[in-house]
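Content type mmCIF, C-alpha atoms, from the file final.cif:
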```cif
data_coords
loop_
_atom_site.label_atom_id
_atom_site.label_comp_id
_atom_site.auth_asym_id
_atom_site.auth_seq_id
_atom_site.Cartn_x
_atom_site.Cartn_y
_atom_site.Cartn_z
CA CYS A 1 84.32 57.70 -21.34
CA PHE A 2 85.91 59.61 -18.47
CA GLY A 3 83.17 62.28 -18.50
CA HIS A 4 80.51 59.64 -17.82
CA ASN A 5 82.45 58.13 -14.90
CA ALA A 6 83.15 61.50 -13.36
CA GLY A 7 79.46 62.47 -13.50
CA ASN A 8 78.04 59.29 -11.92
CA ALA A 9 80.70 58.61 -9.29
CA PRO A 10 80.18 60.36 -5.91
CA ARG A 11 82.44 63.30 -5.40
CA LYS A 12 84.87 62.81 -2.52
CA ARG A 13 87.08 65.52 -1.08
CA TYR A 14 90.54 64.32 -0.12
CA ARG A 15 91.82 67.60 1.31
CA THR A 16 90.54 70.62 3.23
CA ILE A 17 93.77 72.37 4.26
CA THR A 18 96.98 72.88 2.32
CA MET A 19 99.93 70.58 2.64
CA LEU A 20 102.11 73.35 4.12
CA GLN A 21 99.47 74.21 6.75
CA GLN A 22 99.28 70.62 8.00
CA ILE A 23 103.08 70.33 8.14
CA LEU A 24 103.24 73.50 10.27
CA ASN A 25 100.37 72.26 12.48
CA ASP A 26 102.14 68.94 13.17
CA MET A 27 105.71 70.36 12.95
CA PHE A 28 106.58 67.09 11.18
CA ILE A 29 107.13 65.97 7.57
CA GLU A 30 107.32 62.36 6.53
CA PRO A 31 110.58 61.15 4.93
CA GLY A 32 108.78 60.04 1.76
CA LEU A 33 107.34 63.50 1.22
CA LEU A 34 110.65 65.18 2.10
CA ALA A 35 112.36 63.16 -0.63
CA GLU A 36 110.00 64.71 -3.22
CA LEU A 37 111.20 68.27 -2.37
CA ASN A 38 114.17 69.97 -3.96
CA GLU A 39 116.71 72.08 -2.07
CA GLU A 40 114.88 75.40 -2.60
CA GLN A 41 111.59 73.98 -1.30
CA LYS A 42 113.37 72.42 1.68
CA GLN A 43 114.89 75.80 2.60
CA VAL A 44 111.54 77.57 2.34
CA LEU A 45 109.91 74.84 4.47
CA PHE A 46 112.68 75.17 7.09
CA PHE A 47 112.19 78.95 7.34
CA LYS A 48 108.43 78.63 7.73
CA MET A 49 108.75 75.89 10.41
CA ARG A 50 111.25 78.08 12.25
CA GLU A 51 108.86 81.05 12.13
CA GLU A 52 106.06 78.85 13.51
CA GLN A 53 108.33 77.69 16.37
CA VAL A 54 109.24 81.31 17.24
CA ARG A 55 105.56 82.29 17.21
CA ARG A 56 104.60 79.44 19.56
CA TRP A 57 107.54 80.24 21.83
CA LYS A 58 106.49 83.91 22.10
CA GLU A 59 102.92 82.91 22.97
CA ARG A 60 104.17 80.56 25.66
CA GLU A 61 106.55 83.20 27.11
CA ALA A 62 103.73 85.75 27.25
CA GLN A 63 101.50 83.26 29.09
CA LEU A 64 104.27 82.48 31.60
CA GLU A 65 104.86 86.17 32.24
CA LYS A 66 101.17 86.65 32.99
CA GLU A 67 101.22 83.73 35.43
CA GLU A 68 104.38 85.00 37.14
CA ALA A 69 102.88 88.47 37.51
CA LYS A 70 99.94 87.02 39.45
CA LYS A 71 102.19 85.36 42.00
CA VAL A 72 103.32 87.46 45.00
CA LYS A 73 106.80 86.59 46.20
CA PRO A 74 107.21 86.75 50.00
CA LYS A 75 109.98 88.91 51.33
CA LYS A 76 112.91 87.06 52.83
CA VAL A 77 114.03 88.00 56.31
CA SER A 78 117.79 87.89 56.74
CA LYS A 79 118.93 86.01 59.84
CA LYS A 80 122.67 86.19 59.24
CA THR A 81 124.86 87.04 62.26
CA VAL A 82 128.58 87.30 62.91
CA SER A 83 130.30 85.91 66.01
CA TRP A 84 133.98 86.45 66.79
CA LEU A 85 136.34 83.76 68.03
CA LYS A 86 137.58 84.55 71.55
CA ALA A 87 141.10 83.96 72.87
CA SER A 88 142.06 82.85 76.39
CA ASP A 89 142.00 86.47 77.57
CA SER A 90 138.35 86.82 76.35
CA ASP A 91 139.50 89.16 73.64
CA VAL A 92 139.02 88.68 69.87
CA TRP A 93 141.46 86.06 68.61
CA VAL A 94 143.81 87.45 65.97
CA TRP A 95 146.19 85.48 63.76
CA VAL A 96 148.90 87.15 61.74
CA MET A 97 149.80 84.96 58.79
CA GLY A 98 153.53 84.24 58.59
CA GLU A 99 154.54 84.80 62.21
CA HIS A 100 154.38 81.15 63.23
CA PRO A 101 157.05 78.81 61.78
CA ASP A 102 154.32 76.27 60.81
CA ASP A 103 152.32 78.84 58.84
CA LYS A 104 151.90 78.14 55.13
CA SER A 105 152.79 80.61 52.44
CA TYR A 106 150.19 82.51 50.45
CA ASP A 107 150.83 80.42 47.33
CA ASP A 108 150.39 77.16 49.26
CA ILE A 109 147.11 78.33 50.70
CA CYS A 110 145.90 79.38 47.24
CA ASP A 111 146.90 75.99 45.85
CA GLU A 112 144.98 74.19 48.60
CA ILE A 113 141.88 76.32 47.98
CA MET A 114 142.03 75.69 44.24
CA ALA A 115 142.60 71.97 44.78
CA GLU A 116 139.60 71.84 47.12
CA ARG A 117 137.42 73.67 44.58
CA ALA A 118 138.61 71.38 41.80
CA ALA A 119 137.80 68.32 43.91
CA LEU A 120 134.30 69.62 44.70
CA GLN A 121 133.63 70.46 41.05
CA ALA A 122 134.94 67.08 39.88
CA GLN A 123 132.80 65.36 42.55
CA LYS A 124 129.71 67.21 41.32
CA GLU A 125 130.38 66.34 37.68
CA ALA A 126 131.05 62.74 38.64
CA GLU A 127 127.65 62.59 40.35
CA GLU A 128 125.98 64.03 37.25
CA LEU A 129 127.80 61.56 35.00
CA ARG A 130 126.81 58.68 37.28
CA ALA A 131 123.16 59.81 37.19
CA LYS A 132 123.35 60.14 33.40
CA LYS A 133 124.69 56.61 33.03
CA GLU A 134 121.97 55.34 35.36
CA ALA A 135 119.32 56.98 33.16
CA GLU A 136 120.96 55.63 29.99
CA LEU A 137 120.97 52.08 31.35
CA GLU A 138 117.32 52.36 32.29
CA ARG A 139 116.45 53.76 28.85
CA ARG A 140 118.36 51.06 26.93
CA PHE A 141 116.84 48.13 28.74
CA SER A 142 113.30 49.47 29.22
CA GLY A 143 110.39 48.28 27.12
CA LEU A 144 111.75 44.82 26.25
CA TYR A 145 109.71 42.73 28.66
CA MET A 146 107.44 43.97 31.42
CA GLU A 147 108.75 41.48 33.96
CA GLN A 148 112.38 42.18 33.15
CA GLU A 149 111.69 45.91 33.27
CA GLU A 150 110.17 45.65 36.74
CA ALA A 151 112.99 43.42 37.96
CA ALA A 152 115.60 45.76 36.47
CA ARG A 153 113.96 48.77 38.12
CA LYS A 154 114.03 47.07 41.51
CA GLU A 155 117.64 46.02 40.95
CA GLU A 156 118.63 49.56 40.02
CA ALA A 157 116.93 50.94 43.13
CA ARG A 158 118.65 48.34 45.29
CA LYS A 159 122.04 49.09 43.78
CA ALA A 160 121.49 52.84 44.14
CA ALA A 161 120.61 52.35 47.81
CA ALA A 162 123.68 50.15 48.26
CA LEU A 163 125.85 52.80 46.59
CA GLU A 164 124.48 55.53 48.89
CA GLN A 165 124.99 53.34 51.92
CA SER A 166 128.56 52.56 50.86
CA ARG A 167 129.28 56.30 50.61
CA GLN A 168 127.94 56.88 54.13
CA GLU A 169 130.11 54.07 55.50
CA GLU A 170 133.25 55.62 53.94
CA LEU A 171 133.23 53.24 50.98
CA LYS A 172 133.67 50.09 53.16
CA LYS A 173 131.51 47.98 50.89
CA ARG A 174 132.08 47.28 47.22
CA GLU A 175 129.50 47.48 44.53
CA GLU A 176 128.45 44.49 42.51
CA GLU A 177 130.48 43.27 39.57
CA GLU A 178 128.08 44.73 37.01
CA ARG A 179 128.81 48.33 38.16
CA LYS A 180 132.51 47.93 38.85
CA LYS A 181 133.60 49.00 35.38
CA ALA A 182 131.27 52.01 35.40
CA GLU A 183 132.58 53.11 38.81
CA GLU A 184 136.20 52.80 37.66
CA GLU A 185 135.46 54.85 34.57
CA VAL A 186 133.73 57.54 36.66
CA LYS A 187 136.68 57.60 39.05
CA ARG A 188 139.16 57.95 36.18
CA LEU A 189 137.17 60.76 34.58
CA LYS A 190 136.88 62.41 37.97
CA GLU A 191 140.67 62.45 38.45
CA GLU A 192 141.25 63.77 34.94
CA ARG A 193 138.62 66.44 35.38
CA GLU A 194 140.02 67.41 38.79
CA LEU A 195 143.47 67.90 37.27
CA GLN A 196 142.02 69.82 34.35
CA ILE A 197 140.03 72.16 36.60
CA TYR A 198 143.08 72.69 38.80
CA MET A 199 145.22 73.66 35.80
CA ASP A 200 142.46 75.96 34.50
CA LEU A 201 142.25 77.74 37.82
CA LYS A 202 146.02 78.20 37.82
CA GLN A 203 145.89 79.58 34.31
CA VAL A 204 143.14 82.08 35.21
CA GLN A 205 145.66 83.88 37.47
CA TYR A 206 147.72 84.96 34.45
CA GLN A 207 145.31 85.30 31.47
CA ASP A 208 141.66 85.12 30.59
CA LYS A 209 141.12 83.47 27.23
CA GLU A 210 137.42 82.82 27.73
CA GLU A 211 136.58 86.52 27.35
CA LYS A 212 138.20 86.63 23.93
CA ALA A 213 136.43 83.45 22.82
CA TRP A 214 133.09 84.89 23.98
CA GLN A 215 133.71 88.08 22.00
CA ASP A 216 134.51 86.04 18.87
CA SER A 217 131.36 83.98 19.33
CA LEU A 218 129.26 87.13 19.77
CA ARG A 219 130.76 88.62 16.61
CA ARG A 220 130.02 85.48 14.58
CA SER A 221 126.48 85.39 15.95
CA LYS A 222 125.86 89.00 14.91
CA ALA A 223 127.25 88.31 11.45
CA ALA A 224 124.98 85.28 11.07
CA ASP A 225 121.96 87.32 12.18
CA GLN A 226 122.83 89.99 9.62
CA ARG A 227 123.04 87.36 6.85
CA ARG A 228 119.67 85.91 7.85
CA ARG A 229 118.04 89.34 7.84
CA SER A 230 119.49 90.08 4.40
CA LEU A 231 118.20 86.76 3.06
CA ALA A 232 114.73 87.38 4.54
CA LYS A 233 114.63 90.90 3.05
CA GLN A 234 115.64 89.60 -0.37
CA THR A 235 112.98 86.87 -0.18
CA ARG A 236 110.25 89.37 0.77
CA GLU A 237 111.20 91.69 -2.07
CA ASP A 238 111.18 88.82 -4.56
CA HIS A 239 107.78 87.59 -3.34
CA ARG A 240 106.39 91.13 -3.60
CA ARG A 241 107.70 91.49 -7.16
CA ARG A 242 106.31 88.12 -8.23
CA SER A 243 102.96 88.84 -6.58
CA VAL A 244 102.59 92.18 -8.42
CA LYS A 245 103.44 90.54 -11.75
CA ALA A 246 100.94 87.75 -11.06
CA LEU A 247 98.19 90.29 -10.36
CA GLU A 248 99.05 92.22 -13.54
CA ARG A 249 99.02 89.01 -15.53
CA GLY A 250 95.60 88.10 -14.09
CA LYS A 251 94.20 91.51 -15.13
CA VAL A 252 95.52 91.10 -18.71
CA MET A 253 93.97 87.63 -18.98
CA ALA A 254 90.63 89.00 -17.74
CA MET A 255 90.66 91.75 -20.37
CA MET A 256 91.50 89.25 -23.12
CA LYS A 257 88.64 86.98 -22.10
CA ALA A 258 86.25 89.94 -22.18
CA PHE A 259 86.90 90.41 -25.95
CA VAL A 260 86.99 86.70 -26.91
CA PRO A 261 83.61 84.90 -27.25
CA SER A 262 83.27 82.16 -24.67
CA LYS A 263 82.76 78.52 -25.67
CA SER A 264 80.42 76.10 -23.96
CA SER A 265 82.32 73.84 -21.66
CA SER A 266 81.53 71.66 -18.69
CA ALA A 267 84.56 72.91 -16.73
CA PRO A 268 83.71 74.79 -13.51
CA LYS A 269 84.20 78.54 -13.24
CA PRO A 270 87.83 79.16 -12.18
CA LYS A 271 88.50 80.80 -8.87
CA PRO A 272 90.37 84.13 -8.77
CA ARG A 273 94.04 83.84 -8.03
CA THR A 274 94.86 84.64 -4.42
CA LEU A 275 98.14 85.53 -2.82
CA THR A 276 99.25 84.23 0.54
CA LEU A 277 101.91 86.25 2.32
CA ALA A 278 104.36 84.62 4.74
CA SER A 279 103.46 87.17 7.47
CA GLU A 280 99.75 86.23 7.52
CA PRO A 281 98.66 83.87 10.33
CA ILE A 282 97.87 80.29 9.41
CA ASN A 283 94.19 79.33 9.63
CA GLN A 284 94.15 76.17 11.66
CA ARG A 285 91.11 73.92 11.55
CA PRO A 286 91.78 70.95 13.82
CA SER A 287 88.48 69.25 12.94
CA MET A 288 89.55 68.72 9.29
CA ARG A 289 92.78 66.91 8.47
CA ARG A 290 94.50 65.93 5.25
CA SER A 291 96.54 62.74 5.02
CA LEU A 292 100.14 63.07 3.82
CA SER A 293 100.97 59.39 4.09
CA SER A 294 101.93 57.35 1.06
CA SER A 295 98.94 56.19 -1.01
CA SER A 296 98.61 53.26 -3.36
CA ARG A 297 98.42 53.64 -7.11
CA GLU A 298 94.71 52.63 -7.09
CA GLU A 299 93.85 55.32 -4.53
CA ILE A 300 95.71 57.99 -6.54
CA ILE A 301 93.91 56.96 -9.75
CA ARG A 302 90.54 57.09 -7.95
CA TRP A 303 91.42 60.52 -6.55
CA PHE A 304 92.29 61.84 -10.02
CA ARG A 305 89.07 60.49 -11.58
CA GLU A 306 86.75 61.71 -8.85
CA ASP A 307 88.39 64.98 -7.82
CA GLN A 308 90.57 66.26 -10.70
CA LEU A 309 89.17 64.94 -13.97
CA SER A 310 86.04 67.11 -13.82
CA LEU A 311 88.29 70.19 -13.47
CA LYS A 312 90.15 69.20 -16.68
CA VAL A 313 93.49 70.03 -15.13
CA CYS A 314 95.36 67.98 -17.75
CA PHE A 315 93.86 69.81 -20.73
CA GLN A 316 95.04 72.85 -22.66
CA GLN A 317 93.52 76.28 -22.14
CA ASP A 318 90.74 75.70 -24.74
CA HIS A 319 89.99 72.18 -23.34
CA SER A 320 90.34 70.71 -26.84
CA ARG A 321 93.10 68.20 -26.07
CA ILE A 322 95.45 67.00 -23.32
CA ALA A 323 98.41 69.29 -22.72
CA PRO A 324 101.72 67.99 -24.17
CA TRP A 325 103.52 68.47 -20.84
CA PHE A 326 101.06 66.30 -18.85
CA HIS A 327 102.09 62.77 -17.78
CA GLY A 328 100.51 60.08 -15.67
CA ILE A 329 101.80 58.32 -12.55
CA ILE A 330 105.48 57.92 -13.37
CA SER A 331 108.50 57.77 -11.12
CA ARG A 332 111.24 60.34 -10.69
CA GLU A 333 113.66 58.13 -12.64
CA ASP A 334 111.24 57.79 -15.58
CA ALA A 335 110.76 61.57 -15.65
CA GLU A 336 114.51 62.18 -15.68
CA ASP A 337 114.91 59.61 -18.46
CA LEU A 338 112.36 61.50 -20.60
CA LEU A 339 113.97 64.88 -19.86
CA SER A 340 117.48 63.58 -20.56
CA LYS A 341 116.57 63.30 -24.23
CA SER A 342 115.48 66.97 -24.35
CA SER A 343 117.36 70.26 -24.16
CA PRO A 344 117.83 72.35 -20.97
CA GLY A 345 114.66 74.20 -20.06
CA SER A 346 112.46 71.17 -20.81
CA PHE A 347 109.77 70.26 -18.29
CA LEU A 348 106.82 68.00 -17.58
CA VAL A 349 104.06 67.74 -14.97
CA ARG A 350 103.44 64.27 -13.55
CA ILE A 351 101.14 62.80 -10.91
CA SER A 352 103.00 61.95 -7.71
CA GLU A 353 103.45 58.27 -6.84
CA LYS A 354 103.03 58.81 -3.09
CA ILE A 355 100.53 61.60 -2.40
CA PHE A 356 97.46 63.24 -3.89
CA GLY A 357 99.28 65.93 -5.87
CA TYR A 358 101.55 66.70 -8.79
CA VAL A 359 105.29 67.12 -9.40
CA LEU A 360 106.90 69.60 -11.80
CA SER A 361 110.07 67.97 -13.21
CA TYR A 362 112.56 70.34 -14.84
CA ARG A 363 115.92 69.96 -16.61
CA SER A 364 118.48 72.69 -15.97
CA GLN A 365 121.96 73.09 -17.38
CA LYS A 366 123.60 70.86 -14.76
CA GLU A 367 120.92 68.70 -13.10
CA PHE A 368 117.29 67.67 -12.86
CA LYS A 369 114.97 69.42 -10.40
CA HIS A 370 111.60 68.31 -9.03
CA PHE A 371 109.08 70.72 -7.47
CA LEU A 372 106.09 69.41 -5.50
CA ILE A 373 102.73 71.00 -6.46
CA ASP A 374 100.04 71.20 -3.77
CA ALA A 375 96.53 70.66 -5.18
CA ALA A 376 94.41 71.72 -2.20
CA ASP A 377 90.92 73.32 -2.53
CA SER A 378 90.96 73.15 -6.35
CA CYS A 379 93.99 75.48 -6.40
CA TYR A 380 97.54 74.69 -7.41
CA MET A 381 100.72 76.13 -5.93
CA LEU A 382 104.35 75.12 -5.51
CA LEU A 383 105.03 73.99 -1.97
CA GLY A 384 106.44 76.96 -0.02
CA ASP A 385 105.35 79.52 -2.63
CA GLN A 386 102.78 82.31 -2.07
CA ILE A 387 100.99 82.36 -5.44
CA LYS A 388 97.95 80.14 -6.05
CA PHE A 389 96.71 79.21 -9.54
CA THR A 390 93.31 77.99 -10.63
CA SER A 391 94.77 75.37 -13.02
CA LEU A 392 98.01 73.64 -13.94
CA GLN A 393 97.93 75.38 -17.33
CA GLU A 394 97.91 78.76 -15.61
CA LEU A 395 100.84 77.72 -13.40
CA VAL A 396 102.84 76.60 -16.45
CA GLU A 397 102.09 79.80 -18.38
CA TYR A 398 103.13 81.96 -15.44
CA HIS A 399 106.52 80.23 -15.01
CA GLN A 400 107.17 80.42 -18.72
CA GLU A 401 107.76 84.12 -18.04
CA GLU A 402 108.80 84.13 -14.36
CA PRO A 403 111.53 81.88 -12.84
CA ILE A 404 110.47 79.14 -10.43
CA THR A 405 113.11 80.12 -7.85
CA PRO A 406 115.00 83.43 -7.54
CA SER A 407 118.39 81.73 -7.31
CA GLY A 408 117.94 79.10 -10.00
CA GLY A 409 116.22 81.19 -12.68
CA GLU A 410 114.29 78.17 -14.04
CA ARG A 411 111.85 79.07 -16.82
CA LEU A 412 109.60 76.51 -18.49
CA LEU A 413 110.69 76.62 -22.13
CA HIS A 414 110.09 73.25 -23.81
CA PRO A 415 107.28 70.83 -22.82
CA CYS A 416 108.41 67.19 -22.75
CA GLY A 417 105.88 64.88 -24.37
CA GLN A 418 105.21 61.13 -24.38
CA LYS A 419 107.48 58.39 -25.66
CA PRO A 420 106.64 57.40 -29.24
CA GLY A 421 103.89 54.77 -29.26
CA THR A 422 103.09 55.01 -25.51
CA LEU A 423 100.69 56.98 -23.28
CA ASP A 424 101.64 56.83 -19.59
CA TYR A 425 98.31 58.46 -18.59
CA ALA A 426 96.08 55.91 -20.36
CA ASP A 427 95.08 54.13 -17.11
CA LEU A 428 93.69 57.41 -15.72
CA PHE A 429 90.84 57.48 -18.26
CA ILE A 430 89.97 53.75 -18.55
#
```

As structure tokens - that is how I would like this structure written.
Amino acid sequence: CFGHNAGNAPRKRYRTITMLQQILNDMFIEPGLLAELNEEQKQVLFFKMREEQVRRWKEREAQLEKEEAKKVKPKKVSKKTVSWLKASDSDVWVWVMGEHPDDKSYDDICDEIMAERAALQAQKEAEELRAKKEAELERRFSGLYMEQEEAARKEEARKAAALEQSRQEELKKREEEERKKAEEEVKRLKEERELQIYMDLKQVQYQDKEEKAWQDSLRRSKAADQRRRSLAKQTREDHRRRSVKALERGKVMAMMKAFVPSKSSSAPKPKPRTLTLASEPINQRPSMRRSLSSSSREEIIRWFREDQLSLKVCFQQDHSRIAPWFHGIISREDAEDLLSKSSPGSFLVRISEKIFGYVLSYRSQKEFKHFLIDAADSCYMLLGDQIKFTSLQELVEYHQEEPITPSGGERLLHPCGQKPGTLDYADLFI
């Protein structure tokens, strides 16, 4: 029944680039797709997105350096001069601090200088805070109505002009009632900040705590960098080990097939397994795009019939019957309910409810884990992994020997079958 439908229906390709490639191209992942990932896949995705950001940043910095090198900076001519204050006898005026009874002490002068600096710094921060609040008000009330937005913009400009004018006239005019509270808050923060800066400047005369804090921050940053390098080295070594074992396994399978007589089958010739290393550049093809948005159940069923059924991804290795671990379009809760009745190490492969792909559901000793399987270009691979498989059966057989994640040590031991008297994949073949 399903062979006839797959032969007559027009073949339609739903993907041309992998799911991970499109996520790195857009630097965005939809919340629905993110919910399908487990913690290990989220960490791998974060590292790859970070590497893509660093690569783009380096390209942009190199371009800016080339542009700066082309520009010729003109030399500045210094016009600074010094003129001396003359006394009544036309000689240079000299003042000896402390000789006059009205002269201030050194500590008083230092206090005045620090108070003046604190006032200037507080004034500058107050201006920045006032500008920030102006921008926040404009952002909060923009986009509601075009007429109100235009009127609000004119009102803001008028009030800003009135505020500037009031400063020039030594604050002789008051602002409108709407900005009175904001001005009082800015004034209060200004006084607090002025006092805080003044006390900080006084404290700098006796000790310098900022240097110690900077040294501690530098030490923590170096320790974090060392941990990240160790984690990256461990990940590369694990990927190299798994890649070598996958190649060895592929050679053994090829030798076994050479001595076993082949059976006639309508399945297409499988593609050789390829390895994708994290250091290789991503092939970006902007003209072809794969949708990651949520799809309806009818679209997913049509995708499976037209694009996957002819590949017999749900069958065993000899294509004689459907694999016991294969399930139809079921939810995460239904998968966990099936696995809860089995022992740790049980697993199943189900069709995702939201995207054109599959999900590997696994029961460990303490919890249930779900791994998203990307089914791009007739190849199957766990999202964030480097090893591609030509079929789901090959993926399952590989992880029966090798763990899914280095930290978790998950091996596929017991396939979880259907509930008695039900077939959740029946609507895929009708």

Polymer residues at most 9 Å from Met381 of chain A, all atoms listed in the file, same-chain spacing of 6 or more positions, as a compact mmCIF listing (two decimals) with C-alpha atoms, in the coordinates of the input:
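out-v4.txt written:
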```
# COMPACT_ATOMS: atom_id res chain seq x y z
CA LEU A 372 106.09 69.41 -5.50
CA ILE A 373 102.73 71.00 -6.46
CA ASP A 374 100.04 71.20 -3.77
CA ALA A 375 96.53 70.66 -5.18
CA ILE A 387 100.99 82.36 -5.44
CA LYS A 388 97.95 80.14 -6.05
CA PHE A 389 96.71 79.21 -9.54
CA THR A 390 93.31 77.99 -10.63
CA LEU A 392 98.01 73.64 -13.94
CA LEU A 395 100.84 77.72 -13.40
```

**Item:** Hits of the PyMOL selection byres ((chain A and resi 49-52) around 12) in this structure, as a PyMOL selection string
**Value:** chain A and resi 20-29+42-48+53-59+232+278-282+384

Atoms to include: C-alpha atoms. Write the selected residues as a PDB file, keeping the file's coordinate frame.
```
ATOM      1  CA  LEU A  20     102.110  73.350   4.120  1.00  0.00           C
ATOM      2  CA  GLN A  21      99.470  74.210   6.750  1.00  0.00           C
ATOM      3  CA  GLN A  22      99.280  70.620   8.000  1.00  0.00           C
ATOM      4  CA  ILE A  23     103.080  70.330   8.140  1.00  0.00           C
ATOM      5  CA  LEU A  24     103.240  73.500  10.270  1.00  0.00           C
ATOM      6  CA  ASN A  25     100.370  72.260  12.480  1.00  0.00           C
ATOM      7  CA  ASP A  26     102.140  68.940  13.170  1.00  0.00           C
ATOM      8  CA  MET A  27     105.710  70.360  12.950  1.00  0.00           C
ATOM      9  CA  PHE A  28     106.580  67.090  11.180  1.00  0.00           C
ATOM     10  CA  ILE A  29     107.130  65.970   7.570  1.00  0.00           C
ATOM     11  CA  LYS A  42     113.370  72.420   1.680  1.00  0.00           C
ATOM     12  CA  GLN A  43     114.890  75.800   2.600  1.00  0.00           C
ATOM     13  CA  VAL A  44     111.540  77.570   2.340  1.00  0.00           C
ATOM     14  CA  LEU A  45     109.910  74.840   4.470  1.00  0.00           C
ATOM     15  CA  PHE A  46     112.680  75.170   7.090  1.00  0.00           C
ATOM     16  CA  PHE A  47     112.190  78.950   7.340  1.00  0.00           C
ATOM     17  CA  LYS A  48     108.430  78.630   7.730  1.00  0.00           C
ATOM     18  CA  GLN A  53     108.330  77.690  16.370  1.00  0.00           C
ATOM     19  CA  VAL A  54     109.240  81.310  17.240  1.00  0.00           C
ATOM     20  CA  ARG A  55     105.560  82.290  17.210  1.00  0.00           C
ATOM     21  CA  ARG A  56     104.600  79.440  19.560  1.00  0.00           C
ATOM     22  CA  TRP A  57     107.540  80.240  21.830  1.00  0.00           C
ATOM     23  CA  LYS A  58     106.490  83.910  22.100  1.00  0.00           C
ATOM     24  CA  GLU A  59     102.920  82.910  22.970  1.00  0.00           C
ATOM     25  CA  ALA A 232     114.730  87.380   4.540  1.00  0.00           C
ATOM     26  CA  ALA A 278     104.360  84.620   4.740  1.00  0.00           C
ATOM     27  CA  SER A 279     103.460  87.170   7.470  1.00  0.00           C
ATOM     28  CA  GLU A 280      99.750  86.230   7.520  1.00  0.00           C
ATOM     29  CA  PRO A 281      98.660  83.870  10.330  1.00  0.00           C
ATOM     30  CA  ILE A 282      97.870  80.290   9.410  1.00  0.00           C
ATOM     31  CA  GLY A 384     106.440  76.960  -0.020  1.00  0.00           C
TER      32      GLY A 384
END
```

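Atom CA of Phe368 of chain A sits 11.7 Å away from atom CA of Ser342 of chain A.
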
**Prompt:** By how many Å are atom CA of Ala213 of chain A and atom CA of Asp200 of chain A apart?
**Reply:** 15.1 Å

**Request:** Tell me which protein, DNA and RNA residues are within 8 Å of Val359 of chain A, counting all atoms listed in the file, leaving out same-chain ones fewer than 4 positions away, and put them as an MDAnalysis selection string.
**Result:** chainID A and resid 349:352 370:373

Any chance you could export the current selection's C-alpha atoms as an mmCIF file, keeping the file's coordinate frame?
```cif
data_model
loop_
_atom_site.group_PDB
_atom_site.id
_atom_site.type_symbol
_atom_site.label_atom_id
_atom_site.label_comp_id
_atom_site.auth_asym_id
_atom_site.auth_seq_id
_atom_site.Cartn_x
_atom_site.Cartn_y
_atom_site.Cartn_z
ATOM 1 C CA VAL A 349 104.060 67.740 -14.970
ATOM 2 C CA ARG A 350 103.440 64.270 -13.550
ATOM 3 C CA ILE A 351 101.140 62.800 -10.910
ATOM 4 C CA SER A 352 103.000 61.950 -7.710
ATOM 5 C CA HIS A 370 111.600 68.310 -9.030
ATOM 6 C CA PHE A 371 109.080 70.720 -7.470
ATOM 7 C CA LEU A 372 106.090 69.410 -5.500
ATOM 8 C CA ILE A 373 102.730 71.000 -6.460
#
```

**Prompt:** Taking only C-alpha atoms into account, which of A:Arg220, A:Lys366, A:Gln393, A:Ile109 comes nearest Phe315 of chain A?
**Reply:** A:Gln393

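Nearest to Glu333 of chain A of all the residues A:Lys369, A:Lys202, A:Lys190, A:Lys233 is A:Lys369, counting only C-alpha atoms.
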
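With only C-alpha atoms as the atoms that count, the minimum distance from Tyr380 of chain A to the choices A:Glu237, A:Leu37, A:Thr18, A:Ala62 is reached by A:Thr18.
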
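The space between atom CA of Gln418 of chain A and atom CA of Glu298 of chain A spans 21.9 Å.
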
**Asked** Exactly which residues make up the result of the PyMOL selection byres ((chain A and resi 419) around 12) on this file, given as a VMD selection string?
**Response** chain A and resid 324 to 325 327 334 to 335 337 to 339 341 to 342 416 to 418 420 to 425

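Checking A:Arg302, A:Pro31, A:Glu40, A:Leu189 one by one against Ala126 of chain A, counting all atoms listed in the file, you find the shortest gap at A:Leu189.
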
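With distances taken over all atoms listed in the file, A:Ala182 is the one residue among A:Ile404, A:Ala182, A:Ile300, A:Leu195 lying closest to Lys132 of chain A.
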
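Shortest separation to Gln205 of chain A among A:Glu336, A:Glu169, A:Asp107, A:Asp91 occurs at residue A:Asp107, atoms counted being all atoms listed in the file.
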
**Request:** Considering all atoms listed in the file, return as a list in words whatever protein or nucleic-acid residues lie within 10 Å of Val94 of chain A, sequence-local ones (same chain, fewer than 6 positions apart) excluded.
**Result:** Trp84, Leu85, Lys86 and Ala87 of chain A

**Message:** When the PyMOL selection byres ((chain A and resi 344) around 10) is applied to the structure above, which residues does it catch, written out as a PyMOL selection string?
**Reply:** chain A and resi 339-343+345-347+362-368+410-414
